[in-house]
Amino acid sequence: MSAKAILEADGKAILNYHLTRAPVIKPTPLPPQATHNPAARLASLYFPEDAPVTAVLDQAEVTYPWLLARDAKFVAKPDQLIKRRGKSGLLALNKTWPEAREWIEARAGKVQKVETVDGVLRQFLVEPFVPHPSDTEYYININSVREGDWILFTHEGGVDVGDVDAKAQKLLIPVDLGEYPSNDQIAATLLKNVPKGVHNVLVDFISRLYAVYVDCQFTYLEINPLVVIPNKEGTSAEVYFLDLAAKLDQTAEFECGVKWAIARSPVALGIPTIASKDSKVNIDAGPPMEFPAPFGREMSKEEAYIADLDAKTGASLKLTILNPTGRVWTLVAGGGASVVYADAIASAGYASELANYGEYSGAPTETQTFHYAKTVLDLMLRAPLHPEGKVLFIGGGIANFTNVASTFKGVIRALREVAPLLSEHKVQIWVRRAGPNYQEGLKNIKAVGQELGLNMHVYGPEMHVSGIVPLALVPGKTSDVKEFSG
Amino acid sequence: MPSAVPVTNGTSAPANGVNGAPGLSANDNITRFAAPSRPLSPHAAHTLFHNKTRCFVYGLQPRAVQGMLDFDFICKRKTPSVAGIIYTFGGQFVSKMYWGTSETLLPVYQSVEKAMAKHNDVDTVVNFASSRSVYQSTMELMNYPQIRSIAIIAEGVPERRAREILFVAKKKGITIIGPATVGGIKPGAYKIGNTGGMMDNIVASKLYRKGSVGYVSKSGGMSNELNNIVSNTTDGVCEGIAIGGDRYPGTTFIDHMLRFQEDPNIKILLLLGEVGGVEEYRVIEAVKAGRITKPIVAWAIGTVAGMLKTEVQFGHAGSFANSQLETAAMKNKSMKEAGIFVPNTFEELPQVLAQVYQKLVKDGTIKPEAEPVVPKIPIDYSWAQELGLIRKPAAFISTISDDRGQELLYAGLPISDVFKDNIGIGGVMSLLWFRRRLPDHASRFLEMVLMLTADHGPAVSGAMNTIITTRAGKDLISALVSGLLTIGSRFGGALDGAAEEFTRAYDKGLSPRDFVDNMRKENKLIPGIGHRIKSRNNPDLRVELVKEFVKKNFVNSPLLDYALAVETVTTSKKDNLILNVDGCVAVCFVDLLRNCGAFSAEEAEDYLKMGVLNGLFVLGRSIGLIAHFLDQKRLRTGLYRHPWDDITYLLPNLAGGSGAPGSEGRVEVTM
């Protein structure tokens, strides 16, 4: 639960819906729009593994009939939190639908290398193309810091925007919205290099954009380019947000979930709804917000399973697979301790061999711990044998209130189930844990290690929290701390 | 000052009073606390907590409160640190807590206003409100000028709300610790909520007395690890704060580091930072500007982030680097350059801390104090039980169902299997009544009995009672029970009676004819024999159904065969003296218990003696009685009154003065 990036399509839908609805903090220079924005034209296309690409595209033509309009031109691009798509050749501009379709067909479901990361392209966005001269491309960015929200603005936007930190005009909106700047202040600070004629339009747009940012609890919002096409007299302008990246505060779901949902409802997107028998009832007027995984790290079945387990309990269960064929695996309790373990493994020179990041905490039950441990062990033993064997850290800090013996019971059950494989894969197991009833927990796991003939080392609170990592990974490293003896 | 007395006056105390008032038993072992004396001079601004700190705990967290009181007790505080509990959903007025081995009562307030009015000595709050409600409650708490600090425990507070809280707090000079934290601890003085873990860990890390190290950690879990490291390598913790893992903690490293700089008891500062945010740099600036002069040992965790191919959101919401500056590696490097003691890895931190400490001991800055006696704290019953240290006989035993685990168990069978195996009502009855799976035919027989006994029309006495009670406007349970209470040896009791008489005769080896003759000699009717209308030529179809089922499915049915032989004898006397449905069900049930193979002979007799047959009838007939209740309700029938003309009134004639003394009122009925 934290600030999470969202799809460009979702971000645009939220802006389009709420720009005219979110309450502005101070009156803008323009009168409120008499009508709300028309439904956003956002064809957000997902290509699942088990469906032919053409079928998805055929369906898109039904769902979004405007794709088939005569002489219409479109923009097509992957929508998977990829930065600098233009530079990676992942932007198809000014295409007819057949051209855009062909462009997508050539890429959907295929592996794509972006900078250093490989990932499969599965999510695309198609929207109408807005022709504009290049000198109308602006850039705006809102991001949150402790003191308030920074608005960054520059009149030189576009693909080659460069170092915005250096060249953009900046304005800090304090947390206390009572100190919100006046329209003149906004124009004077941010719009220095913009023709006077479009000031009113832009101040209005920025104020509304910021209102949405606050009202929908964004934590980051970047539009590049923001296209501002002035009228002939240069007194007013049309504003388009062509490319957008945004993060929402996931923890605000209980306050904003309804706003995020309604903006993305079929009605708001102009999609005819066909009631079907097996359609799910959503808690809000639209679909619940989804937070996609970063590009190149599609959620695996196991990660999804743990995320699902996590959602159903007050305890915390997290799993991220970094390298499924890595040699070093972790089963660590506690949000802080798990990071410390990852650090220690990396600083021992095994960053590339680190297979997973994860943690369990908040007093999970024995069964939950079992399922969590089982998932990690299965993943570790599914990967091919490694000539040098593998290393498993069953670690954790000094628990505050989790009963260590009880969570370890779950770990022990999982170890028992895969014991023969652990030996076959030559897995070294290093244990360090403390907290309520740790003596019992360590005694039990040590006994099981001996019984099953596992290569296992067990330590209690006398050992530094992550002290077992250099012991296991750094050749020749020794410690004065004695192993737990029960 | 009287207004600061926790429970001596006012509406929050229970009616019997708690101020030594009459009505209290002399040996209730409850300790009461007078108003704490106020320090004569105010504490220095850098002192957030001291050994007279009094707080409210917002939210019902008896375990955390007990932990705080236990800590106070072993720190030899005179009064508990918790003055009261604020619980807005509460109906409770006091909460009973332990003070050492004796007990004490903590007032529970439904409103912040009341709590504040009662305890003007309270200046800090531990807020356990959920992430959804913590914003409102914290804003409300900050309206009271007596509050100096609030710890926010909840994880998942929206970032905008957290910033609004910290903005207001800053304006009012209130110290916010958290959100998403375990809190903090001042050894020997005060502990927030669950900080420091269980008592054995507090003792192990010597948190009952002050040391010389002040630490600030982002992670609450790691703060416990720091307590351990500090107690192993130095003379202990003087104060430790976990600022919380969120992106916008109410106070950050610098706020507490500056306080620690001012605190003469603190000689070494320890900082455990993390990837994400730029708050560590403010400490660096303070060091460079000379505002912090005490030695600092520091480490930022999350150095792995830069070495991974993709972005990873770690456990804490704030642990995400948005720029190079926010990476742990850069922070460690910058801190080192500023002259802060930064180890090469976190594993080497204890060593570095030990070196700094030893140097300060050597130059006389730190003079280690003599260790006080390690205090003892009684272990909680529930925890001792979990550790397997104690035992006591249980007051109740249950052998049929268990709701404690992941899944409800019926006689050991998980409820999901009950449905997967489709064992039906009969199967559930066999599990709960007999603690075993009976053969399929036995379960179906039980269901058959329930179906057959479900109802017998409105005229029978049980149904009548239910109907009359329903018509009197009573609820379902009253109406049902009034019908059930009618069941006894006369109504519905034929089942038990029949089972008993037939079984006894059969077991004695009486021939059916002898059995009938004996019963007649004793002037007893044979229960289970005879029907008002049905006869041998006009058989009761219900009986035929049971017989057919039993003959087809049971291994054998000696008692049914015996009862049918008895029927041959009785019907030869009178045509309607047939084996009726009660008799048939009863003997078949005995056959089932004895011969289905699931019960030993003793068990079978035992169940019969317990009256399990009656149970079958009660359960079955409840279906019908509820049906009559619903029927009457549906028909909207009114109160029933029996007509006079259907009652014969025979009253004594007192006016006549006839009759012997003492029997004036008696109505003589001559037969």
# chains A, B, ... in the order shown; residues from 1 in each chain; ligands from 1
call {"tool": "interface_residues", "arguments": {"of": "chain A", "to": "chain B", "cutoff": "8 Å", "atoms": "only C-alpha atoms", "output": "PDB file with N, CA, C and O atoms, in the first residue's frame"}}
result
ATOM      1  N   MET A   1       0.839  -1.192   0.000  1.00  0.00           N
ATOM      2  CA  MET A   1       0.000   0.000   0.000  1.00  0.00           C
ATOM      3  C   MET A   1       0.873   1.241   0.000  1.00  0.00           C
ATOM      4  O   MET A   1       1.547   1.527   0.978  1.00  0.00           O
ATOM      5  N   SER A   2       0.839   1.930  -1.109  1.00  0.00           N
ATOM      6  CA  SER A   2       1.671   3.128  -1.191  1.00  0.00           C
ATOM      7  C   SER A   2       1.286   3.855  -2.468  1.00  0.00           C
ATOM      8  O   SER A   2       0.265   3.556  -3.075  1.00  0.00           O
ATOM      9  N   ALA A   3       2.119   4.809  -2.835  1.00  0.00           N
ATOM     10  CA  ALA A   3       1.888   5.487  -4.108  1.00  0.00           C
ATOM     11  C   ALA A   3       2.192   4.514  -5.233  1.00  0.00           C
ATOM     12  O   ALA A   3       3.251   3.907  -5.254  1.00  0.00           O
ATOM     13  N   THR A 116      17.286  -1.539 -20.581  1.00  0.00           N
ATOM     14  CA  THR A 116      17.913  -2.804 -20.175  1.00  0.00           C
ATOM     15  C   THR A 116      16.893  -3.888 -19.846  1.00  0.00           C
ATOM     16  O   THR A 116      17.253  -5.011 -19.535  1.00  0.00           O
ATOM     17  N   VAL A 117      15.613  -3.538 -19.906  1.00  0.00           N
ATOM     18  CA  VAL A 117      14.606  -4.462 -19.394  1.00  0.00           C
ATOM     19  C   VAL A 117      13.856  -5.140 -20.538  1.00  0.00           C
ATOM     20  O   VAL A 117      13.430  -4.493 -21.486  1.00  0.00           O
ATOM     21  N   ARG A 146       7.085  16.789   1.153  1.00  0.00           N
ATOM     22  CA  ARG A 146       6.607  16.989   2.516  1.00  0.00           C
ATOM     23  C   ARG A 146       5.897  18.328   2.708  1.00  0.00           C
ATOM     24  O   ARG A 146       4.850  18.424   3.328  1.00  0.00           O
ATOM     25  N   GLU A 147       6.448  19.397   2.130  1.00  0.00           N
ATOM     26  CA  GLU A 147       5.927  20.740   2.386  1.00  0.00           C
ATOM     27  C   GLU A 147       4.700  21.072   1.552  1.00  0.00           C
ATOM     28  O   GLU A 147       3.972  22.000   1.867  1.00  0.00           O
ATOM     29  N   GLY A 148       4.508  20.330   0.480  1.00  0.00           N
ATOM     30  CA  GLY A 148       3.383  20.658  -0.383  1.00  0.00           C
ATOM     31  C   GLY A 148       3.537  19.965  -1.720  1.00  0.00           C
ATOM     32  O   GLY A 148       4.152  18.905  -1.813  1.00  0.00           O
ATOM     33  N   VAL A 175       0.761  22.638   1.726  1.00  0.00           N
ATOM     34  CA  VAL A 175      -0.249  21.651   2.135  1.00  0.00           C
ATOM     35  C   VAL A 175      -1.544  22.357   2.559  1.00  0.00           C
ATOM     36  O   VAL A 175      -2.637  21.919   2.236  1.00  0.00           O
ATOM     37  N   ASP A 176      -1.371  23.463   3.281  1.00  0.00           N
ATOM     38  CA  ASP A 176      -2.552  24.217   3.703  1.00  0.00           C
ATOM     39  C   ASP A 176      -3.098  24.974   2.495  1.00  0.00           C
ATOM     40  O   ASP A 176      -2.523  25.964   2.058  1.00  0.00           O
ATOM     41  N   GLN A 217      -6.390  12.485  -5.044  1.00  0.00           N
ATOM     42  CA  GLN A 217      -5.207  12.048  -4.304  1.00  0.00           C
ATOM     43  C   GLN A 217      -4.148  11.402  -5.198  1.00  0.00           C
ATOM     44  O   GLN A 217      -3.718  10.283  -4.967  1.00  0.00           O
ATOM     45  N   ASP A 249      -2.302   7.544  -4.765  1.00  0.00           N
ATOM     46  CA  ASP A 249      -2.030   7.042  -3.425  1.00  0.00           C
ATOM     47  C   ASP A 249      -3.009   5.900  -3.145  1.00  0.00           C
ATOM     48  O   ASP A 249      -4.182   6.120  -2.879  1.00  0.00           O
ATOM     49  N   GLN A 250      -2.482   4.693  -3.200  1.00  0.00           N
ATOM     50  CA  GLN A 250      -3.351   3.526  -3.050  1.00  0.00           C
ATOM     51  C   GLN A 250      -4.055   3.510  -1.695  1.00  0.00           C
ATOM     52  O   GLN A 250      -5.171   3.011  -1.571  1.00  0.00           O
ATOM     53  N   THR A 251      -3.406   4.083  -0.684  1.00  0.00           N
ATOM     54  CA  THR A 251      -4.018   4.044   0.645  1.00  0.00           C
ATOM     55  C   THR A 251      -5.273   4.921   0.714  1.00  0.00           C
ATOM     56  O   THR A 251      -6.051   4.803   1.638  1.00  0.00           O
ATOM     57  N   ALA A 252      -5.444   5.814  -0.274  1.00  0.00           N
ATOM     58  CA  ALA A 252      -6.609   6.700  -0.247  1.00  0.00           C
ATOM     59  C   ALA A 252      -7.816   6.059  -0.902  1.00  0.00           C
ATOM     60  O   ALA A 252      -8.831   6.713  -1.126  1.00  0.00           O
ATOM     61  N   PHE A 254     -10.081   4.272   0.151  1.00  0.00           N
ATOM     62  CA  PHE A 254     -11.348   4.384   0.890  1.00  0.00           C
ATOM     63  C   PHE A 254     -11.979   5.759   0.740  1.00  0.00           C
ATOM     64  O   PHE A 254     -13.163   5.939   0.958  1.00  0.00           O
ATOM     65  N   PRO A 294       5.369  -3.028 -12.753  1.00  0.00           N
ATOM     66  CA  PRO A 294       6.288  -2.315 -13.648  1.00  0.00           C
ATOM     67  C   PRO A 294       6.577  -3.138 -14.900  1.00  0.00           C
ATOM     68  O   PRO A 294       6.485  -4.365 -14.870  1.00  0.00           O
ATOM     69  N   GLY A 296       8.187  -5.316 -17.605  1.00  0.00           N
ATOM     70  CA  GLY A 296       9.230  -6.334 -17.503  1.00  0.00           C
ATOM     71  C   GLY A 296       9.086  -7.184 -16.264  1.00  0.00           C
ATOM     72  O   GLY A 296       9.857  -8.101 -16.054  1.00  0.00           O
ATOM     73  N   ARG A 297       8.112  -6.859 -15.431  1.00  0.00           N
ATOM     74  CA  ARG A 297       7.936  -7.711 -14.260  1.00  0.00           C
ATOM     75  C   ARG A 297       6.469  -8.052 -14.099  1.00  0.00           C
ATOM     76  O   ARG A 297       5.838  -7.714 -13.112  1.00  0.00           O
ATOM     77  N   LYS A 318       4.261 -10.534   1.441  1.00  0.00           N
ATOM     78  CA  LYS A 318       4.687  -9.905   0.196  1.00  0.00           C
ATOM     79  C   LYS A 318       5.691 -10.799  -0.510  1.00  0.00           C
ATOM     80  O   LYS A 318       6.543 -11.415   0.142  1.00  0.00           O
ATOM     81  N   THR A 320       8.038 -10.757  -4.259  1.00  0.00           N
ATOM     82  CA  THR A 320       8.433 -10.268  -5.572  1.00  0.00           C
ATOM     83  C   THR A 320       9.544 -11.179  -6.067  1.00  0.00           C
ATOM     84  O   THR A 320      10.536 -11.376  -5.361  1.00  0.00           O
ATOM     85  N   LEU A 322      12.606 -11.795  -8.301  1.00  0.00           N
ATOM     86  CA  LEU A 322      13.576 -10.957  -9.000  1.00  0.00           C
ATOM     87  C   LEU A 322      14.305 -11.756 -10.062  1.00  0.00           C
ATOM     88  O   LEU A 322      14.599 -11.260 -11.132  1.00  0.00           O
ATOM     89  N   GLY A 334       9.242  -9.470   8.539  1.00  0.00           N
ATOM     90  CA  GLY A 334       9.407  -8.061   8.885  1.00  0.00           C
ATOM     91  C   GLY A 334       9.799  -7.186   7.714  1.00  0.00           C
ATOM     92  O   GLY A 334      10.696  -7.528   6.943  1.00  0.00           O
ATOM     93  N   GLY A 335       9.120  -6.040   7.570  1.00  0.00           N
ATOM     94  CA  GLY A 335       9.370  -5.140   6.450  1.00  0.00           C
ATOM     95  C   GLY A 335      10.775  -4.580   6.462  1.00  0.00           C
ATOM     96  O   GLY A 335      11.427  -4.478   5.423  1.00  0.00           O
ATOM     97  N   GLY A 336      11.289  -4.201   7.646  1.00  0.00           N
ATOM     98  CA  GLY A 336      12.631  -3.645   7.713  1.00  0.00           C
ATOM     99  C   GLY A 336      13.682  -4.729   7.548  1.00  0.00           C
ATOM    100  O   GLY A 336      14.630  -4.584   6.765  1.00  0.00           O
ATOM    101  N   ALA A 337      13.507  -5.848   8.259  1.00  0.00           N
ATOM    102  CA  ALA A 337      14.495  -6.924   8.230  1.00  0.00           C
ATOM    103  C   ALA A 337      14.659  -7.474   6.816  1.00  0.00           C
ATOM    104  O   ALA A 337      15.768  -7.808   6.389  1.00  0.00           O
ATOM    105  N   SER A 338      13.555  -7.559   6.076  1.00  0.00           N
ATOM    106  CA  SER A 338      13.648  -8.134   4.734  1.00  0.00           C
ATOM    107  C   SER A 338      14.540  -7.276   3.841  1.00  0.00           C
ATOM    108  O   SER A 338      15.291  -7.793   3.017  1.00  0.00           O
ATOM    109  N   VAL A 339      14.473  -5.963   4.009  1.00  0.00           N
ATOM    110  CA  VAL A 339      15.333  -5.078   3.219  1.00  0.00           C
ATOM    111  C   VAL A 339      16.782  -5.261   3.641  1.00  0.00           C
ATOM    112  O   VAL A 339      17.697  -5.321   2.808  1.00  0.00           O
ATOM    113  N   VAL A 340      16.981  -5.373   4.955  1.00  0.00           N
ATOM    114  CA  VAL A 340      18.333  -5.566   5.477  1.00  0.00           C
ATOM    115  C   VAL A 340      18.950  -6.838   4.897  1.00  0.00           C
ATOM    116  O   VAL A 340      20.133  -6.867   4.544  1.00  0.00           O
ATOM    117  N   ALA A 342      18.157  -8.286   2.013  1.00  0.00           N
ATOM    118  CA  ALA A 342      18.451  -8.059   0.594  1.00  0.00           C
ATOM    119  C   ALA A 342      19.736  -7.252   0.447  1.00  0.00           C
ATOM    120  O   ALA A 342      20.590  -7.552  -0.389  1.00  0.00           O
ATOM    121  N   ASP A 343      19.899  -6.235   1.315  1.00  0.00           N
ATOM    122  CA  ASP A 343      21.120  -5.420   1.300  1.00  0.00           C
ATOM    123  C   ASP A 343      22.347  -6.295   1.518  1.00  0.00           C
ATOM    124  O   ASP A 343      23.346  -6.199   0.792  1.00  0.00           O
ATOM    125  N   ALA A 344      22.257  -7.126   2.562  1.00  0.00           N
ATOM    126  CA  ALA A 344      23.412  -7.931   2.939  1.00  0.00           C
ATOM    127  C   ALA A 344      23.792  -8.887   1.817  1.00  0.00           C
ATOM    128  O   ALA A 344      24.974  -9.101   1.536  1.00  0.00           O
ATOM    129  N   ALA A 346      23.199  -8.438  -1.362  1.00  0.00           N
ATOM    130  CA  ALA A 346      23.774  -7.655  -2.455  1.00  0.00           C
ATOM    131  C   ALA A 346      25.197  -7.236  -2.120  1.00  0.00           C
ATOM    132  O   ALA A 346      26.095  -7.325  -2.958  1.00  0.00           O
ATOM    133  N   SER A 347      25.419  -6.820  -0.868  1.00  0.00           N
ATOM    134  CA  SER A 347      26.755  -6.323  -0.555  1.00  0.00           C
ATOM    135  C   SER A 347      27.755  -7.471  -0.456  1.00  0.00           C
ATOM    136  O   SER A 347      28.961  -7.246  -0.520  1.00  0.00           O
ATOM    137  N   ALA A 351      23.881  -9.823  -5.708  1.00  0.00           N
ATOM    138  CA  ALA A 351      22.672  -9.120  -6.149  1.00  0.00           C
ATOM    139  C   ALA A 351      22.024  -9.821  -7.331  1.00  0.00           C
ATOM    140  O   ALA A 351      20.805  -9.975  -7.394  1.00  0.00           O
ATOM    141  N   SER A 352      22.856 -10.289  -8.269  1.00  0.00           N
ATOM    142  CA  SER A 352      22.276 -10.909  -9.455  1.00  0.00           C
ATOM    143  C   SER A 352      21.745 -12.301  -9.155  1.00  0.00           C
ATOM    144  O   SER A 352      20.941 -12.846  -9.900  1.00  0.00           O
ATOM    145  N   GLY A 358      10.811 -10.435  -0.344  1.00  0.00           N
ATOM    146  CA  GLY A 358       9.501 -10.679   0.254  1.00  0.00           C
ATOM    147  C   GLY A 358       9.585 -10.574   1.747  1.00  0.00           C
ATOM    148  O   GLY A 358      10.666 -10.475   2.315  1.00  0.00           O
ATOM    149  N   GLU A 359       8.424 -10.565   2.357  1.00  0.00           N
ATOM    150  CA  GLU A 359       8.389 -10.532   3.809  1.00  0.00           C
ATOM    151  C   GLU A 359       7.051 -11.045   4.292  1.00  0.00           C
ATOM    152  O   GLU A 359       6.058 -10.981   3.578  1.00  0.00           O
ATOM    153  N   THR A 367      -1.041 -21.407   9.301  1.00  0.00           N
ATOM    154  CA  THR A 367      -1.430 -21.838   7.953  1.00  0.00           C
ATOM    155  C   THR A 367      -0.973 -20.840   6.898  1.00  0.00           C
ATOM    156  O   THR A 367      -0.473 -21.222   5.842  1.00  0.00           O
ATOM    157  N   GLY A 397      13.929 -10.195  12.279  1.00  0.00           N
ATOM    158  CA  GLY A 397      14.392  -9.434  13.420  1.00  0.00           C
ATOM    159  C   GLY A 397      13.816 -10.003  14.705  1.00  0.00           C
ATOM    160  O   GLY A 397      13.408 -11.156  14.757  1.00  0.00           O
ATOM    161  N   ILE A 398      13.827  -9.166  15.725  1.00  0.00           N
ATOM    162  CA  ILE A 398      13.207  -9.535  16.994  1.00  0.00           C
ATOM    163  C   ILE A 398      11.759  -9.098  16.904  1.00  0.00           C
ATOM    164  O   ILE A 398      11.463  -7.914  16.903  1.00  0.00           O
ATOM    165  N   ALA A 399      10.874 -10.060  16.816  1.00  0.00           N
ATOM    166  CA  ALA A 399       9.465  -9.738  16.609  1.00  0.00           C
ATOM    167  C   ALA A 399       8.924  -8.969  17.799  1.00  0.00           C
ATOM    168  O   ALA A 399       9.363  -9.158  18.930  1.00  0.00           O
ATOM    169  N   ASN A 400       7.959  -8.083  17.538  1.00  0.00           N
ATOM    170  CA  ASN A 400       7.333  -7.340  18.622  1.00  0.00           C
ATOM    171  C   ASN A 400       6.248  -8.158  19.303  1.00  0.00           C
ATOM    172  O   ASN A 400       6.198  -8.263  20.511  1.00  0.00           O
ATOM    173  N   PHE A 401       5.340  -8.752  18.513  1.00  0.00           N
ATOM    174  CA  PHE A 401       4.277  -9.528  19.138  1.00  0.00           C
ATOM    175  C   PHE A 401       3.955 -10.818  18.398  1.00  0.00           C
ATOM    176  O   PHE A 401       3.112 -11.576  18.818  1.00  0.00           O
ATOM    177  N   GLY A 435      12.324 -12.955  19.250  1.00  0.00           N
ATOM    178  CA  GLY A 435      11.008 -12.406  19.554  1.00  0.00           C
ATOM    179  C   GLY A 435      10.256 -13.368  20.447  1.00  0.00           C
ATOM    180  O   GLY A 435      10.812 -14.365  20.913  1.00  0.00           O
ATOM    181  N   PRO A 436       8.966 -13.075  20.682  1.00  0.00           N
ATOM    182  CA  PRO A 436       8.187 -13.909  21.594  1.00  0.00           C
ATOM    183  C   PRO A 436       8.295 -15.409  21.284  1.00  0.00           C
ATOM    184  O   PRO A 436       8.036 -15.825  20.157  1.00  0.00           O
ATOM    185  N   ASN A 437       8.696 -16.163  22.287  1.00  0.00           N
ATOM    186  CA  ASN A 437       8.749 -17.632  22.187  1.00  0.00           C
ATOM    187  C   ASN A 437       9.713 -18.115  21.104  1.00  0.00           C
ATOM    188  O   ASN A 437       9.514 -19.168  20.519  1.00  0.00           O
ATOM    189  N   PRO A 461      18.932 -14.342  18.977  1.00  0.00           N
ATOM    190  CA  PRO A 461      19.157 -12.892  19.024  1.00  0.00           C
ATOM    191  C   PRO A 461      20.621 -12.510  19.260  1.00  0.00           C
ATOM    192  O   PRO A 461      20.982 -11.344  19.075  1.00  0.00           O
ATOM    193  N   HIS A 464      23.685 -10.987  14.930  1.00  0.00           N
ATOM    194  CA  HIS A 464      23.163  -9.773  14.304  1.00  0.00           C
ATOM    195  C   HIS A 464      22.046 -10.162  13.337  1.00  0.00           C
ATOM    196  O   HIS A 464      22.088 -11.228  12.736  1.00  0.00           O
ATOM    197  N   VAL A 465      21.071  -9.266  13.195  1.00  0.00           N
ATOM    198  CA  VAL A 465      19.862  -9.626  12.439  1.00  0.00           C
ATOM    199  C   VAL A 465      20.187 -10.284  11.093  1.00  0.00           C
ATOM    200  O   VAL A 465      19.627 -11.315  10.726  1.00  0.00           O
ATOM    201  N   SER A 466      21.108  -9.691  10.341  1.00  0.00           N
ATOM    202  CA  SER A 466      21.445 -10.251   9.040  1.00  0.00           C
ATOM    203  C   SER A 466      22.865 -10.816   9.048  1.00  0.00           C
ATOM    204  O   SER A 466      23.469 -10.998   8.006  1.00  0.00           O
ATOM    205  N   GLY A 467      23.380 -11.089  10.247  1.00  0.00           N
ATOM    206  CA  GLY A 467      24.750 -11.580  10.363  1.00  0.00           C
ATOM    207  C   GLY A 467      24.977 -12.915   9.685  1.00  0.00           C
ATOM    208  O   GLY A 467      26.108 -13.269   9.348  1.00  0.00           O
TER     209      GLY A 467
END
call {"tool": "residues_around", "arguments": {"residues": "region 639-648 of chain B", "least_positions_apart": "3", "cutoff": "9 Å", "atoms": "only C-alpha atoms", "output": "NGL selection string"}}
result
:B and (467-473)
call {"tool": "residues_around", "arguments": {"residues": "Thr136 (chain A)", "least_positions_apart": "5", "cutoff": "12 Å", "atoms": "only C-alpha atoms", "output": "tab-separated table (two decimals) with C-alpha atoms, in the first residue's frame"}}
result
chain	number	residue	atom	x	y	z
A	130	VAL	CA	-4.18	15.66	-32.44
A	131	PRO	CA	-2.22	17.48	-35.18
A	154	THR	CA	7.89	24.69	-19.20
A	155	HIS	CA	6.87	25.89	-22.63
A	156	GLU	CA	9.43	23.61	-24.26
A	157	GLY	CA	7.83	20.22	-23.87
A	158	GLY	CA	7.82	17.22	-26.13
A	194	VAL	CA	4.08	31.76	-22.60
A	195	PRO	CA	2.17	34.29	-24.78
A	198	VAL	CA	-3.33	32.00	-23.49
A	224	ASN	CA	4.30	15.82	-21.81
A	225	PRO	CA	3.42	17.17	-24.21
A	226	LEU	CA	0.63	19.35	-23.01
A	227	VAL	CA	-0.56	20.82	-26.27
A	228	VAL	CA	-1.98	24.33	-26.23
A	229	ILE	CA	-3.28	25.45	-29.64
A	230	PRO	CA	-4.14	29.15	-29.63
A	231	ASN	CA	-6.96	30.57	-31.72
A	237	ALA	CA	-6.65	28.23	-26.82
A	238	GLU	CA	-7.53	24.55	-26.87
A	239	VAL	CA	-5.72	22.35	-24.39
A	240	TYR	CA	-4.91	18.67	-24.99
A	241	PHE	CA	-3.00	16.30	-22.73
A	242	LEU	CA	-1.32	13.93	-25.14
call {"tool": "select_by_dssp", "arguments": {"residues": "region 140-289 of chain A", "states": "strand (DSSP E or B)", "output": "PyMOL selection string"}}
result
chain A and resi 140-145+148-154+169-174+218-230+237-241+244-249
call {"tool": "closest_residue", "arguments": {"among": "B:His531, B:Thr570, B:Tyr98, B:Val374", "to": "Lys206 (chain B)", "atoms": "only C-alpha atoms"}}
result
B:Val374
call {"tool": "residues_around", "arguments": {"residues": "Ala45 (chain B)", "least_positions_apart": "6", "cutoff": "10 Å", "atoms": "only C-alpha atoms", "output": "PyMOL selection string"}}
result
chain B and resi 259+262-263
call {"tool": "atom_distance", "arguments": {"atom1": "CA of Thr20 (chain A)", "atom2": "CA of Phe205 (chain A)"}}
result
9.9 Å
call {"tool": "select_by_dssp", "arguments": {"residues": "region 36-279 of chain B", "states": "alpha helix (DSSP H)", "output": "PyMOL selection string"}}
result
chain B and resi 62-74+112-118+134-141+159-172+199-204+220-233+253-262+279
call {"tool": "atom_distance", "arguments": {"atom1": "CA of Val237 (chain B)", "atom2": "CA of Val213 (chain B)"}}
result
4.7 Å
call {"tool": "atom_distance", "arguments": {"atom1": "CA of Val53 (chain A)", "atom2": "CA of Glu127 (chain A)"}}
result
18.5 Å
call {"tool": "decode", "arguments": {"residues": "region 51-62 of chain A", "atoms": "C-alpha atoms", "output": "compact mmCIF listing (two decimals), in the first residue's frame"}}
result
# COMPACT_ATOMS: atom_id res chain seq x y z
CA ALA A 51 -6.45 -14.98 -26.68
CA PRO A 52 -5.46 -14.40 -30.32
CA VAL A 53 -4.34 -10.83 -31.00
CA THR A 54 -6.76 -10.41 -33.90
CA ALA A 55 -9.72 -11.38 -31.73
CA VAL A 56 -8.89 -8.62 -29.24
CA LEU A 57 -8.56 -6.12 -32.07
CA ASP A 58 -11.81 -7.24 -33.66
CA GLN A 59 -13.56 -6.81 -30.33
CA ALA A 60 -12.01 -3.35 -29.99
CA GLU A 61 -13.68 -2.29 -33.24
CA VAL A 62 -17.03 -3.23 -31.72
